[in-house]
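Peer 1: Structure file final_8.txt (compact mmCIF, C-alpha atoms) right here:
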# COMPACT_ATOMS: atom_id res chain seq x y z
CA MET A 9 -119.90 -50.03 122.22
CA THR A 10 -116.58 -51.23 120.83
CA HIS A 11 -115.57 -51.66 117.24
CA SER A 12 -113.87 -54.96 116.36
CA LEU A 13 -110.55 -54.46 114.63
CA PRO A 14 -110.17 -55.43 110.96
CA GLU A 15 -107.45 -57.80 109.83
CA ILE A 16 -104.18 -55.90 110.01
CA GLN A 17 -102.34 -55.63 106.71
CA ILE A 18 -98.63 -56.45 107.14
CA GLN A 19 -96.40 -54.58 104.70
CA PRO A 20 -92.71 -55.68 104.71
CA LYS A 21 -90.33 -53.05 103.31
CA LEU A 22 -86.60 -53.25 102.68
CA SER A 23 -86.17 -49.60 103.64
CA ALA A 24 -88.11 -49.93 106.92
CA LYS A 25 -85.97 -49.85 110.07
CA ARG A 26 -88.79 -50.12 112.61
CA PHE A 27 -92.44 -51.09 112.98
CA ARG A 28 -94.94 -48.42 111.94
CA LEU A 29 -98.70 -48.63 112.49
CA ARG A 30 -101.15 -46.54 110.50
CA VAL A 31 -104.89 -46.49 111.12
CA TYR A 32 -107.26 -45.49 108.32
CA PRO A 33 -111.08 -45.35 108.31
CA ASP A 34 -111.26 -48.64 106.37
CA LYS A 35 -108.06 -50.52 107.27
CA ILE A 36 -105.04 -50.82 109.55
CA CYS A 37 -101.54 -51.21 108.07
CA LEU A 38 -98.34 -52.27 109.78
CA THR A 39 -95.07 -51.55 107.98
CA VAL A 40 -92.26 -53.85 109.17
CA PRO A 41 -88.60 -54.38 108.26
CA PHE A 42 -88.39 -56.92 105.44
CA PHE A 43 -86.74 -59.64 107.54
CA ALA A 44 -88.82 -59.07 110.71
CA ARG A 45 -89.67 -62.30 112.49
CA LYS A 46 -93.28 -63.34 112.89
CA GLN A 47 -93.03 -63.61 116.68
CA HIS A 48 -91.66 -60.05 116.89
CA ILE A 49 -94.55 -58.77 114.77
CA GLN A 50 -97.08 -60.58 116.96
CA ALA A 51 -95.46 -59.26 120.13
CA PHE A 52 -95.52 -55.69 118.78
CA LEU A 53 -99.20 -55.99 117.86
CA ALA A 54 -100.04 -57.40 121.28
CA GLN A 55 -98.29 -54.46 122.97
CA SER A 56 -100.12 -52.03 120.67
CA GLN A 57 -103.59 -53.55 121.16
CA ALA A 58 -104.97 -50.87 123.50
CA TRP A 59 -103.67 -48.02 121.32
CA LEU A 60 -105.05 -49.72 118.19
CA ILE A 61 -108.54 -50.07 119.65
CA GLU A 62 -108.60 -46.42 120.73
CA ALA A 63 -107.27 -45.18 117.36
CA TRP A 64 -109.76 -47.34 115.42
CA GLN A 65 -112.67 -46.11 117.54
CA LYS A 66 -111.65 -42.48 116.96
CA GLN A 67 -111.89 -43.12 113.23
CA HIS A 68 -115.49 -44.24 113.74
CA VAL A 69 -116.88 -41.70 116.17
CA SER A 70 -120.46 -40.85 115.25
CA PRO A 71 -120.88 -37.27 114.03
CA PHE A 72 -122.20 -34.85 116.65
CA ILE A 73 -125.93 -34.23 116.25
CA PRO A 74 -127.14 -31.20 118.24
CA PRO A 75 -129.98 -32.24 120.58
CA GLN A 76 -133.35 -30.51 120.37
CA GLN A 77 -133.87 -30.72 124.13
CA LEU A 78 -132.11 -31.64 127.36
CA GLN A 79 -133.60 -33.55 130.28
CA LEU A 80 -131.91 -32.32 133.46
CA PHE A 81 -131.90 -34.26 136.72
CA ASN A 82 -133.89 -31.77 138.79
CA LEU A 83 -136.52 -30.71 136.24
CA GLU A 84 -139.72 -32.58 135.49
CA GLN A 85 -139.91 -31.38 131.90
CA PRO A 86 -137.05 -31.18 129.38
CA ILE A 87 -135.77 -27.78 128.31
CA HIS A 88 -136.04 -26.98 124.63
CA ILE A 89 -132.99 -25.74 122.74
CA ILE A 90 -132.97 -22.91 120.22
CA TYR A 91 -129.89 -22.43 118.04
CA GLN A 92 -129.36 -18.90 116.79
CA ALA A 93 -126.75 -16.21 116.19
CA GLN A 94 -126.12 -14.44 119.50
CA LYS A 95 -123.32 -12.80 121.47
CA GLN A 96 -123.60 -15.07 124.51
CA ALA A 97 -122.54 -18.69 124.21
CA PHE A 98 -125.77 -19.68 126.00
CA TYR A 99 -128.58 -18.39 128.18
CA LEU A 100 -131.60 -20.04 129.78
CA GLN A 101 -134.97 -18.33 129.73
CA ASP A 102 -138.49 -19.67 130.33
CA GLN A 103 -137.55 -23.34 129.95
CA GLN A 104 -135.74 -22.57 126.72
CA LEU A 105 -132.00 -22.79 126.23
CA PHE A 106 -130.60 -20.39 123.63
CA ILE A 107 -127.32 -21.57 122.12
CA ASP A 108 -124.93 -19.67 119.87
CA GLU A 109 -125.10 -21.54 116.57
CA SER A 110 -121.46 -20.77 115.76
CA GLN A 111 -120.14 -22.84 118.69
CA VAL A 112 -122.85 -25.38 119.37
CA GLN A 113 -120.93 -28.21 121.06
CA ALA A 114 -118.72 -25.94 123.18
CA ALA A 115 -121.70 -23.83 124.23
CA LEU A 116 -123.76 -26.87 125.23
CA LYS A 117 -120.86 -28.24 127.24
CA ALA A 118 -120.37 -24.86 128.93
CA PHE A 119 -124.06 -24.71 129.83
CA ILE A 120 -124.03 -28.19 131.36
CA PHE A 121 -120.95 -27.34 133.42
CA SER A 122 -122.48 -24.04 134.57
CA TYR A 123 -125.78 -25.72 135.46
CA ALA A 124 -123.96 -28.48 137.34
CA LYS A 125 -121.92 -26.00 139.38
CA GLN A 126 -125.12 -24.23 140.37
CA HIS A 127 -127.34 -27.21 141.18
CA LEU A 128 -125.25 -30.26 142.12
CA PRO A 129 -123.78 -28.66 145.30
CA LEU A 130 -127.31 -27.85 146.48
CA PHE A 131 -128.46 -31.40 145.80
CA LEU A 132 -125.46 -32.93 147.58
CA GLN A 133 -126.07 -30.71 150.60
CA GLN A 134 -129.71 -31.78 150.63
CA VAL A 135 -128.78 -35.48 150.58
CA SER A 136 -126.05 -34.92 153.17
CA THR A 137 -128.52 -33.30 155.57
CA GLU A 138 -131.12 -35.98 154.89
CA ILE A 139 -128.83 -38.90 155.78
CA ASN A 140 -126.74 -36.97 158.35
CA LEU A 141 -123.35 -37.57 156.73
CA PRO A 142 -121.42 -34.29 156.50
CA TYR A 143 -118.57 -33.52 154.12
CA GLN A 144 -116.02 -30.72 153.83
CA LYS A 145 -116.39 -29.22 150.36
CA ILE A 146 -117.57 -30.11 146.88
CA THR A 147 -115.89 -29.67 143.50
CA ILE A 148 -117.64 -30.02 140.15
CA ARG A 149 -115.47 -31.25 137.29
CA GLN A 150 -115.95 -32.26 133.68
CA ALA A 151 -114.85 -35.77 134.56
CA LYS A 152 -114.90 -38.31 131.75
CA THR A 153 -114.26 -41.54 133.64
CA ARG A 154 -115.76 -41.12 137.11
CA TRP A 155 -119.15 -40.00 138.33
CA GLY A 156 -117.70 -38.92 141.65
CA SER A 157 -114.99 -39.34 144.27
CA CYS A 158 -114.33 -38.61 147.94
CA SER A 159 -110.94 -37.79 149.46
CA SER A 160 -109.64 -38.78 152.87
CA THR A 161 -110.32 -35.20 153.97
CA LYS A 162 -114.02 -35.63 153.08
CA ASN A 163 -113.84 -33.45 149.97
CA ILE A 164 -116.24 -34.68 147.29
CA MET A 165 -115.96 -34.37 143.51
CA LEU A 166 -118.99 -34.83 141.26
CA SER A 167 -118.99 -35.05 137.48
CA SER A 168 -120.96 -32.29 135.77
CA ALA A 169 -122.41 -34.96 133.44
CA LEU A 170 -124.56 -36.13 136.35
CA VAL A 171 -127.09 -33.40 135.59
CA LEU A 172 -127.99 -35.42 132.48
CA CYS A 173 -128.83 -38.51 134.57
CA GLU A 174 -132.08 -39.44 136.30
CA GLN A 175 -132.37 -37.92 139.76
CA HIS A 176 -132.39 -41.26 141.63
CA LEU A 177 -129.04 -42.07 140.01
CA VAL A 178 -127.60 -38.71 141.06
CA ARG A 179 -128.85 -39.37 144.58
CA TYR A 180 -127.14 -42.79 144.56
CA VAL A 181 -123.81 -41.20 143.55
CA CYS A 182 -124.17 -38.64 146.34
CA ILE A 183 -124.93 -41.36 148.90
CA HIS A 184 -122.03 -43.44 147.58
CA GLU A 185 -119.54 -40.59 148.02
CA LEU A 186 -120.96 -39.53 151.39
CA ALA A 187 -120.60 -43.13 152.61
CA HIS A 188 -116.89 -42.78 151.86
CA THR A 189 -116.70 -40.13 154.57
CA LEU A 190 -117.12 -43.07 156.97
CA HIS A 191 -115.31 -45.81 155.03
CA MET A 192 -112.57 -45.01 152.52
CA ASN A 193 -112.98 -48.37 150.80
CA HIS A 194 -115.63 -50.64 149.31
CA SER A 195 -115.85 -53.00 152.27
CA ALA A 196 -118.99 -54.73 153.53
CA ASP A 197 -119.36 -51.92 156.09
CA PHE A 198 -119.29 -49.34 153.31
CA TRP A 199 -121.98 -51.09 151.27
CA GLN A 200 -124.09 -51.49 154.42
CA VAL A 201 -124.12 -47.70 154.79
CA VAL A 202 -125.05 -47.26 151.13
CA ALA A 203 -127.83 -49.85 151.40
CA GLN A 204 -129.19 -48.18 154.51
CA PHE A 205 -129.93 -44.99 152.58
CA ASP A 206 -130.52 -46.46 149.13
CA PRO A 207 -132.15 -49.93 149.25
CA ASP A 208 -132.09 -50.07 145.43
CA HIS A 209 -128.39 -49.25 145.20
CA LEU A 210 -127.54 -52.45 143.29
CA GLN A 211 -129.94 -51.56 140.49
CA HIS A 212 -128.78 -47.95 140.50
CA ARG A 213 -125.14 -49.02 140.39
CA GLN A 214 -125.83 -51.31 137.43
CA ARG A 215 -127.79 -48.59 135.65
CA LEU A 216 -124.89 -46.17 136.02
CA LYS A 217 -122.49 -48.71 134.55
CA GLN A 218 -124.70 -48.86 131.48
CA GLN A 219 -125.08 -45.10 131.36
CA GLN A 220 -122.51 -43.55 129.09
CA ILE A 221 -121.08 -40.10 129.71
CA HIS A 222 -123.03 -37.82 127.42
CA VAL A 223 -121.78 -37.36 123.85
CA LEU A 224 -120.93 -33.75 124.73
CA TYR A 225 -118.17 -35.10 126.97
Kindly present the structure from the file in structure tokens form.

Peer 2:
Amino acid sequence: MTHSLPEIQIQPKLSAKRFRLRVYPDKICLTVPFFARKQHIQAFLAQSQAWLIEAWQKQHVSPFIPPQQLQLFNLEQPIHIIYQAQKQAFYLQDQQLFIDESQVQAALKAFIFSYAKQHLPLFLQQVSTEINLPYQKITIRQAKTRWGSCSSTKNIMLSSALVLCEQHLVRYVCIHELAHTLHMNHSADFWQVVAQFDPDHLQHRQRLKQQQIHVLY
């Protein structure tokens, strides 16, 4: 979800020697030299558009609300979370996740990464064996912009955030990256391989586009 930018307040100043943008929670101000031309101001704002959108969104990030449970891709039931004072950042016991209350967000993120490193390689290997497309090695990363990737040497990277997705979506990402071991592009041949092993890949692809990386990331 994007936040539309408010009208930018232009503030000419005799002492100003350059353009200066400032983003506040309720407004955006642009200080300009007193005799700055309108076309120069418009050009500067156009060049700054991407930065402005990012800065405005950061001012309006929703506060972090600790979840009461986590639904993980390979479990039928969600795990319940208990926040308490403890020495360990996190530990999992009997379908309950115990989180150190003094570092909630960092501990949750660390748990997800740890869980992903333990379970995603096993799942990828399972899918690889099932569809008979081998790979070299797997790396789990806390990727913020990609669900996965495959190198020309058949090394696969998966985002740890995948463990928070539904299992059929995780399987689609695995198939997608394994298909790249045959075709290092998104050609018709590539999509034919994907479709062979995931007939619903178009729906899964669309669902992933709508799926946001978890708030912890």

Peer 1: Atom CA of A:Ser122 and atom CA of A:Gln103, how far apart in Å?

Peer 2: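 Rounded to one decimal, the two atoms are 15.8 Å apart.
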
Peer 1: Rounded to one decimal place, report the atom CA of A:Ile164-atom CA of A:Ile87 distance in Å.

Peer 2: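 Calculated distance between atom CA of A:Ile164 and atom CA of A:Ile87 is 28.1 Å.
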
Peer 1: Kindly indicate which residue among A:Gln85, A:Thr39, A:Gln211, A:Gln77 lies nearest to A:His176, using all atoms listed in the file for the distances.

Peer 2: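 Once distances to A:His176 are computed over all atoms listed in the file, the minimum belongs to A:Gln211.
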
Peer 1: Give the answer as one residue: which of A:Leu186, A:Cys158, A:Leu177, A:Ile107 has the shortest atom-to-atom distance to A:Gln134, using all atoms listed in the file?

Peer 2: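 Comparing A:Leu186, A:Cys158, A:Leu177, A:Ile107 against A:Gln134, the winner is A:Leu186.
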
Peer 1: Could you tell me how far atom CA of A:Val171 sits from atom CA of A:Gln133, in Å to one decimal place?

Peer 2: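 According to the coordinates, atom CA of A:Gln133 and atom CA of A:Val171 are separated by 15.3 Å.
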
Peer 1: Out of A:Ile90, A:Ala203, A:Ile139, A:Ile18, which residue has the shortest atom-to-atom distance to A:Cys37 when counting all atoms listed in the file?

Peer 2: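 For A:Cys37, the nearest of the candidates is A:Ile18.
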
Peer 1: Can you pull out every residue within 12 Å of A:Ser56, counting all atoms listed in the file, but drop anything in the same chain fewer than 4 positions away, and send it as a PyMOL selection string?

Peer 2: chain A and resi 27-30+38+49-52+60-64
